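The next block is final15.tsv, given as TSV, C-alpha atoms.
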chain	number	residue	atom	x	y	z
Y	2	MET	CA	26.44	55.25	-4.20
Y	3	ARG	CA	25.19	54.62	-0.66
Y	4	ARG	CA	25.09	50.87	-1.36
Y	5	LEU	CA	28.74	50.86	-2.38
Y	6	GLN	CA	29.67	52.87	0.71
Y	7	SER	CA	27.83	50.39	2.93
Y	8	ARG	CA	29.67	47.44	1.35
Y	9	PHE	CA	33.06	49.16	1.67
Y	10	ALA	CA	32.38	49.75	5.36
Y	11	TRP	CA	31.80	46.05	5.86
Y	12	TRP	CA	35.01	45.02	4.13
Y	13	ALA	CA	36.90	47.54	6.26
Y	14	VAL	CA	35.53	46.04	9.47
Y	15	PHE	CA	36.20	42.50	8.25
Y	16	ALA	CA	39.85	43.43	7.75
Y	17	LEU	CA	40.03	44.65	11.35
Y	18	VAL	CA	38.23	41.61	12.76
Y	19	VAL	CA	40.21	39.05	10.77
Y	20	ALA	CA	43.42	40.69	12.00
Y	21	ALA	CA	42.13	40.42	15.57
Y	22	CYS	CA	41.39	36.72	15.00
Y	23	GLY	CA	44.96	36.21	13.87
Y	24	GLY	CA	43.91	35.49	10.30
Y	25	GLY	CA	41.92	32.41	11.36
Y	26	GLY	CA	41.30	29.40	9.17
Y	27	GLY	CA	44.94	28.40	8.71
Y	28	GLU	CA	46.60	25.26	10.06
Y	29	ALA	CA	48.72	25.48	13.19
Y	30	THR	CA	51.75	23.15	13.24
Y	31	THR	CA	53.54	22.18	16.45
Y	32	THR	CA	57.00	20.54	16.44
Y	33	THR	CA	58.56	19.02	19.56
Y	34	GLU	CA	62.16	19.77	20.59
Y	35	ALA	CA	64.84	17.36	19.40
Y	36	ALA	CA	65.54	14.52	21.86
Y	37	THR	CA	69.17	13.32	22.38
Y	38	THR	CA	69.83	9.70	23.30
Y	39	THR	CA	73.04	8.78	25.19
Y	40	ALA	CA	75.03	6.24	23.15
Y	41	PRO	CA	77.10	3.38	24.57
Y	42	PRO	CA	80.92	3.75	24.63
Y	43	ALA	CA	82.62	3.90	21.23
Y	44	THR	CA	79.28	4.40	19.56
Y	45	GLN	CA	78.37	7.75	17.98
Y	46	ALA	CA	75.44	9.51	19.61
Y	47	THR	CA	72.30	9.76	17.50
Y	48	THR	CA	69.65	12.49	17.60
Y	49	THR	CA	66.03	11.80	16.87
Y	50	THR	CA	63.32	14.38	16.19
Y	51	ALA	CA	59.70	13.71	16.91
Y	52	ALA	CA	57.30	13.89	13.97
Y	53	PRO	CA	55.40	17.19	13.65
Y	54	THR	CA	51.90	17.19	15.06
Y	55	THR	CA	49.20	19.17	13.33
Y	56	ALA	CA	46.50	20.94	15.35
Y	57	ALA	CA	42.93	21.16	14.13
Y	58	PRO	CA	42.23	24.13	11.85
Y	59	GLN	CA	41.26	27.26	13.76
Y	60	VAL	CA	37.91	28.74	12.82
Y	61	CYS	CA	37.75	32.49	13.27
Y	62	GLU	CA	34.72	33.29	15.40
Y	63	ALA	CA	33.77	36.80	16.40
Y	64	LYS	CA	30.90	39.24	16.62
Y	65	ILE	CA	30.53	42.33	14.46
Y	66	GLY	CA	28.24	45.10	15.63
Y	67	LEU	CA	25.85	46.96	13.34
Y	68	MET	CA	24.49	50.37	14.37
Y	69	ALA	CA	21.82	51.63	11.97
Y	70	PRO	CA	18.47	53.48	12.06
Y	71	ILE	CA	16.44	50.30	11.61
Y	72	THR	CA	13.31	52.10	12.88
Y	73	GLY	CA	12.31	55.75	12.96
Y	74	PRO	CA	12.22	58.45	10.29
Y	75	ALA	CA	15.37	57.19	8.54
Y	76	ALA	CA	14.31	53.53	8.54
Y	77	SER	CA	14.60	53.33	4.76
Y	78	ILE	CA	18.32	54.06	5.09
Y	79	GLY	CA	18.70	51.67	8.00
Y	80	GLU	CA	16.94	48.86	6.17
Y	81	GLU	CA	19.33	49.18	3.24
Y	82	GLN	CA	22.37	49.24	5.53
Y	83	ARG	CA	21.09	46.26	7.51
Y	84	ASN	CA	20.39	44.21	4.37
Y	85	TRP	CA	23.90	44.81	3.06
Y	86	ALA	CA	25.29	43.85	6.46
Y	87	VAL	CA	23.50	40.51	6.47
Y	88	PHE	CA	24.59	39.88	2.87
Y	89	ALA	CA	28.22	40.74	3.61
Y	90	VAL	CA	28.47	38.55	6.72
Y	91	ASP	CA	26.79	35.55	5.09
Y	92	ARG	CA	28.93	35.73	1.95
Y	93	TYR	CA	32.17	36.26	3.86
Y	94	ASN	CA	31.47	33.29	6.13
Y	95	ASP	CA	30.63	31.07	3.14
Y	96	GLU	CA	33.74	32.04	1.19
Y	97	ASN	CA	36.25	31.95	4.07
Y	98	GLY	CA	35.01	29.26	6.42
Y	99	THR	CA	34.62	31.80	9.21
Y	100	ASN	CA	31.85	32.05	11.75
Y	101	PHE	CA	31.19	35.75	12.21
Y	102	GLU	CA	27.99	36.71	14.01
Y	103	LEU	CA	26.13	39.95	13.32
Y	104	VAL	CA	24.81	41.85	16.34
Y	105	GLU	CA	22.25	44.52	15.43
Y	106	GLY	CA	21.67	47.74	17.32
Y	107	ASP	CA	18.83	50.05	16.31
Y	108	THR	CA	19.74	53.73	16.77
Y	109	ALA	CA	16.64	55.27	15.14
Y	110	LEU	CA	19.03	58.09	14.07
Y	111	ASP	CA	18.87	59.34	17.68
Y	112	PRO	CA	22.15	60.22	19.46
Y	113	ALA	CA	20.81	59.19	22.88
Y	114	GLN	CA	19.67	55.80	21.63
Y	115	ALA	CA	22.93	55.37	19.74
Y	116	SER	CA	24.84	55.99	22.98
Y	117	THR	CA	22.87	53.25	24.71
Y	118	VAL	CA	23.67	50.78	21.92
Y	119	ALA	CA	27.34	51.81	21.97
Y	120	GLN	CA	27.59	51.13	25.71
Y	121	GLN	CA	26.12	47.65	25.18
Y	122	PHE	CA	28.54	46.90	22.34
Y	123	ALA	CA	31.56	48.22	24.25
Y	124	ALA	CA	30.67	45.96	27.21
Y	125	ASP	CA	30.60	42.84	25.00
Y	126	ASP	CA	34.16	41.51	24.73
Y	127	ALA	CA	33.15	39.29	21.80
Y	128	ILE	CA	32.40	42.30	19.57
Y	129	LEU	CA	35.65	43.21	17.82
Y	130	GLY	CA	34.43	45.93	15.46
Y	131	VAL	CA	31.35	48.00	14.62
Y	132	VAL	CA	29.82	49.24	11.37
Y	133	GLY	CA	27.97	52.52	11.89
Y	134	PRO	CA	26.39	54.56	13.16
Y	135	ALA	CA	24.84	56.28	10.17
Y	136	GLY	CA	24.52	59.92	11.24
Y	137	SER	CA	27.23	62.43	12.11
Y	138	GLN	CA	25.38	63.45	15.27
Y	139	GLU	CA	25.36	59.80	16.34
Y	140	VAL	CA	29.10	59.43	15.72
Y	141	GLU	CA	29.71	62.49	17.90
Y	142	ALA	CA	27.64	60.86	20.66
Y	143	VAL	CA	29.23	57.39	20.59
Y	144	GLY	CA	32.78	58.43	19.75
Y	145	PRO	CA	33.98	58.89	23.35
Y	146	ILE	CA	32.46	55.53	24.35
Y	147	PHE	CA	34.24	53.61	21.60
Y	148	SER	CA	37.46	55.57	22.10
Y	149	ASP	CA	37.56	54.59	25.79
Y	150	ALA	CA	36.90	50.96	24.82
Y	151	THR	CA	39.46	51.09	21.94
Y	152	MET	CA	36.64	49.82	19.72
Y	153	ALA	CA	37.07	50.46	15.98
Y	154	PHE	CA	33.95	51.67	14.20
Y	155	VAL	CA	33.46	52.45	10.52
Y	156	SER	CA	30.61	54.61	9.24
Y	157	MET	CA	29.22	54.31	5.75
Y	158	SER	CA	27.39	57.66	5.75
Y	159	ALA	CA	28.61	60.09	8.46
Y	160	THR	CA	30.23	63.02	6.65
Y	161	ARG	CA	30.87	65.84	9.13
Y	162	GLU	CA	34.46	66.94	8.49
Y	163	SER	CA	35.48	67.29	12.15
Y	164	LEU	CA	34.82	63.59	12.86
Y	165	THR	CA	38.23	62.69	11.47
Y	166	ASP	CA	40.22	65.57	12.99
Y	167	GLY	CA	41.94	63.16	15.39
Y	168	SER	CA	39.60	63.56	18.34
Y	169	LEU	CA	38.01	60.14	17.67
Y	170	PRO	CA	41.04	57.84	17.22
Y	171	THR	CA	39.05	54.65	16.59
Y	172	PHE	CA	36.64	56.15	14.03
Y	173	PHE	CA	36.87	55.52	10.28
Y	174	ARG	CA	34.58	56.14	7.31
Y	175	VAL	CA	34.29	55.14	3.65
Y	176	VAL	CA	32.43	58.22	2.40
Y	177	PRO	CA	33.79	61.65	1.37
Y	178	HIS	CA	33.46	64.23	4.15
Y	179	ASP	CA	31.65	67.57	3.91
Y	180	GLY	CA	34.84	69.38	2.93
Y	181	GLN	CA	34.83	67.27	-0.25
Y	182	GLN	CA	31.10	66.92	-0.89
Y	183	GLY	CA	30.15	70.57	-0.35
Y	184	PRO	CA	32.52	72.07	-2.96
Y	185	THR	CA	31.48	69.36	-5.43
Y	186	ASP	CA	27.81	70.25	-4.97
Y	187	ALA	CA	28.60	73.96	-5.29
Y	188	ARG	CA	30.61	73.52	-8.48
Y	189	PHE	CA	27.73	71.59	-10.02
Y	190	MET	CA	25.34	74.44	-9.23
Y	191	VAL	CA	27.70	76.98	-10.76
Y	192	GLU	CA	29.02	75.09	-13.77
Y	193	GLU	CA	26.03	72.95	-14.73
Y	194	LEU	CA	23.05	74.95	-13.43
Y	195	ALA	CA	24.53	78.44	-13.92
Y	196	ALA	CA	23.14	79.48	-10.56
Y	197	SER	CA	23.54	83.09	-9.45
Y	198	LYS	CA	21.37	82.84	-6.30
Y	199	VAL	CA	21.03	79.75	-4.10
Y	200	MET	CA	18.92	79.16	-1.02
Y	201	ILE	CA	20.42	76.58	1.36
Y	202	ILE	CA	18.16	75.10	4.02
Y	203	ASP	CA	19.75	72.86	6.68
Y	204	ASP	CA	17.85	70.56	9.04
Y	205	GLN	CA	19.79	71.61	12.17
Y	206	THR	CA	21.75	68.34	12.49
Y	207	SER	CA	25.54	68.20	12.54
Y	208	TYR	CA	25.48	66.39	9.20
Y	209	SER	CA	23.27	68.96	7.51
Y	210	THR	CA	24.88	72.10	8.90
Y	211	GLY	CA	28.37	70.90	8.05
Y	212	LEU	CA	27.47	70.18	4.44
Y	213	ALA	CA	25.52	73.43	4.18
Y	214	ASP	CA	28.51	75.43	5.48
Y	215	THR	CA	31.06	74.02	3.04
Y	216	THR	CA	28.68	74.37	0.10
Y	217	ALA	CA	27.84	77.97	1.02
Y	218	ALA	CA	31.51	78.92	1.34
Y	219	THR	CA	32.36	77.60	-2.12
Y	220	LEU	CA	29.34	79.30	-3.68
Y	221	ALA	CA	30.26	82.60	-2.06
Y	222	ASP	CA	33.83	82.32	-3.37
Y	223	ALA	CA	32.36	81.89	-6.85
Y	224	GLY	CA	30.33	85.09	-6.52
Y	225	VAL	CA	26.97	83.36	-6.02
Y	226	GLU	CA	24.45	85.00	-3.68
Y	227	VAL	CA	23.63	82.60	-0.85
Y	228	VAL	CA	20.56	82.74	1.38
Y	229	ARG	CA	20.63	80.52	4.48
Y	230	GLU	CA	17.57	79.05	6.21
Y	231	SER	CA	17.22	76.38	8.88
Y	232	VAL	CA	14.38	74.07	9.90
Y	233	SER	CA	13.97	71.25	12.41
Y	234	GLN	CA	13.58	67.66	11.24
Y	235	ASP	CA	10.32	67.60	13.22
Y	236	VAL	CA	8.65	70.22	11.03
Y	237	THR	CA	6.12	68.92	8.50
Y	238	ASP	CA	4.64	72.18	7.18
Y	239	PHE	CA	7.16	73.91	4.91
Y	240	SER	CA	4.84	76.56	3.47
Y	241	ALA	CA	6.67	79.39	5.26
Y	242	LEU	CA	9.96	78.31	3.73
Y	243	VAL	CA	8.47	77.96	0.27
Y	244	ALA	CA	7.09	81.49	0.54
Y	245	LYS	CA	10.66	82.83	0.96
Y	246	ILE	CA	11.78	81.50	-2.42
Y	247	ASP	CA	11.70	84.48	-4.77
Y	248	ASP	CA	11.89	84.57	-8.55
Y	249	ALA	CA	15.62	85.31	-8.49
Y	250	THR	CA	16.44	82.05	-6.69
Y	251	ASP	CA	17.89	79.53	-9.15
Y	252	VAL	CA	18.50	76.58	-6.82
Y	253	VAL	CA	17.19	75.44	-3.44
Y	254	PHE	CA	19.70	73.11	-1.77
Y	255	LEU	CA	18.37	70.73	0.91
Y	256	PRO	CA	21.16	68.72	2.57
Y	257	TRP	CA	18.66	66.84	4.73
Y	258	GLN	CA	19.06	63.44	6.35
Y	259	ILE	CA	15.40	62.53	5.91
Y	260	ALA	CA	14.84	62.42	2.16
Y	261	ALA	CA	11.06	62.17	2.52
Y	262	ASN	CA	10.98	65.62	4.14
Y	263	ALA	CA	12.71	67.12	1.13

What would the structure in this file look like if it were written as structure tokens?
Amino acid sequence: MRRLQSRFAWWAVFALVVAACGGGGGEATTTTEAATTTAPPATQATTTTAAPTTAAPQVCEAKIGLMAPITGPAASIGEEQRNWAVFAVDRYNDENGTNFELVEGDTALDPAQASTVAQQFAADDAILGVVGPAGSQEVEAVGPIFSDATMAFVSMSATRESLTDGSLPTFFRVVPHDGQQGPTDARFMVEELAASKVMIIDDQTSYSTGLADTTAATLADAGVEVVRESVSQDVTDFSALVAKIDDATDVVFLPWQIAANA
């Protein structure tokens, strides 16, 4: 599913960039104004029109930014997103005769580093659109920068519901938000797993807490007992959490960004 989301994000940005290029690749035709020649007396005036002149085809050239966690704890996600980005740009250029250039920015899933990359992208007038960043906390960090620069950016994986409440006018995404994912997860636990008690452990990021909140609310509405726990992404010893899981717990839900930790 994440692969499809990454590809959809690229097609969304291409649509924005091609529009900014004026739909490049087509022929531009220029026609001169009609010229009127004065005729001698008793002779009817004649009007001649110059032959149309055809300009050389315009090749759409632009830069597209990529913000992904290419290094760091979420590098496996970033590598996948980067590979799809390279594939999408190469194929689109081959099929459409365009000359888009991919500019990579490594965020390492860190909001501060993402902000630095966003400032660099916003300062480059040749970058007409951005794919990413991956994490909700990163989108929150770079949103004001891109809003001020009127830079469109499309995330393939940021799901926090508030990101599309209108406060970030240039932000788009191609993935269901937490208000859609959480209830779906909860219904699966109730209808398929027959859960009566669920422990939800978030990783203290805006992505994780948002998804945990919407899931917990739906479970509670269904009469399921919900136990909430929280742990930092930096923790590597989870024995204390495991010790809290009693025999009555049917499901442990881990909406974590770093899959290896789970």

field: stretch 88-103 of chain Y surroundings by all atoms listed in the file, 6 Å radius, close-in-sequence under 2 positions cut, as a list in words
entry: Val60, Cys61, Glu62, Ala63, Lys64, Ile65, Trp85 and Ala86 of chain Y

Those same residues, written as a PDB file, keeping the file's coordinate frame with C-alpha atoms?
ATOM      1  CA  VAL Y  60      37.910  28.740  12.820  1.00  0.00           C
ATOM      2  CA  CYS Y  61      37.750  32.490  13.270  1.00  0.00           C
ATOM      3  CA  GLU Y  62      34.720  33.290  15.400  1.00  0.00           C
ATOM      4  CA  ALA Y  63      33.770  36.800  16.400  1.00  0.00           C
ATOM      5  CA  LYS Y  64      30.900  39.240  16.620  1.00  0.00           C
ATOM      6  CA  ILE Y  65      30.530  42.330  14.460  1.00  0.00           C
ATOM      7  CA  TRP Y  85      23.900  44.810   3.060  1.00  0.00           C
ATOM      8  CA  ALA Y  86      25.290  43.850   6.460  1.00  0.00           C
TER       9      ALA Y  86
END

message: Rounded to one decimal, what separation in Å do you get between atom CA of Y:Asp125 and atom CA of Y:Tyr208?
response: 28.8 Å

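With all atoms listed in the file taken into account, the protein and nucleic acid residues at most 9 Å from Y:Arg229 (excluding it and anything under 6 positions from it in its own chain) are Y:Val199, Y:Met200, Y:Ile201, Y:Ile202, Y:Asp203, Y:Ala213, Y:Ala217.
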
Dump as JSON lines the rows for residues of stretch 136-156 of chain Y within 12 Å of stretch 248-263 of chain Y: closest atom pair and distance in Å with one decimal, all atoms listed in the file counted, ordered by chain and rising residue number.
{"residue": "Y:Gly136", "atom": "CA", "partner": "Y:Gln258", "partner_atom": "CA", "distance": 8.1}
{"residue": "Y:Ser137", "atom": "CA", "partner": "Y:Gln258", "partner_atom": "CA", "distance": 10.0}
{"residue": "Y:Gln138", "atom": "CA", "partner": "Y:Gln258", "partner_atom": "CA", "distance": 10.9}

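Take atom CA of Y:Ser158 and atom CA of Y:Ser240: the distance between them is 29.5 Å.
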
- request: Go through Y:Ala195, Y:Asp179, Y:Ala241, Y:Arg188 and flag the residue nearest Y:Leu212, using all atoms listed in the file for the distances.
  value: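 Checking each of Y:Ala195, Y:Asp179, Y:Ala241, Y:Arg188 against Y:Leu212, counting all atoms listed in the file, the winner is Y:Asp179.
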
- line: In terms of all atoms listed in the file, the residue from Y:Ile78, Y:Ala119, Y:Leu220, Y:Leu242 at minimal distance from Y:Thr185 is Y:Leu220

Selected residue of minimal separation from Y:Ser148 among Y:Ile128, Y:Thr171, Y:Glu226, Y:Val118, counting all atoms listed in the file: Y:Thr171

message: Rounded to one decimal, what separation in Å do you get between atom CA of Y:Met157 and atom CA of Y:Pro177?
response: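 Rounded to one decimal, the two atoms are 9.7 Å apart.
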
message: When you look at Y:Val143 with a cut-off of 8 Å (counting only C-alpha atoms), what residues show up, excluding the ones that are within fewer than 2 positions of it in the same chain? I need them as a list in words.
response: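 That gives Pro112, Ala115, Ser116, Ala119, Glu139, Val140, Glu141, Pro145, Ile146 and Phe147 of chain Y.
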
Nearest to Y:Asp204, chosen from Y:Gln114, Y:Ser233, Y:Thr216, Y:Gln181, with all atoms listed in the file counted in the distances: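 When distances to Y:Asp204 are compared using all atoms listed in the file, the smallest one comes from Y:Ser233.
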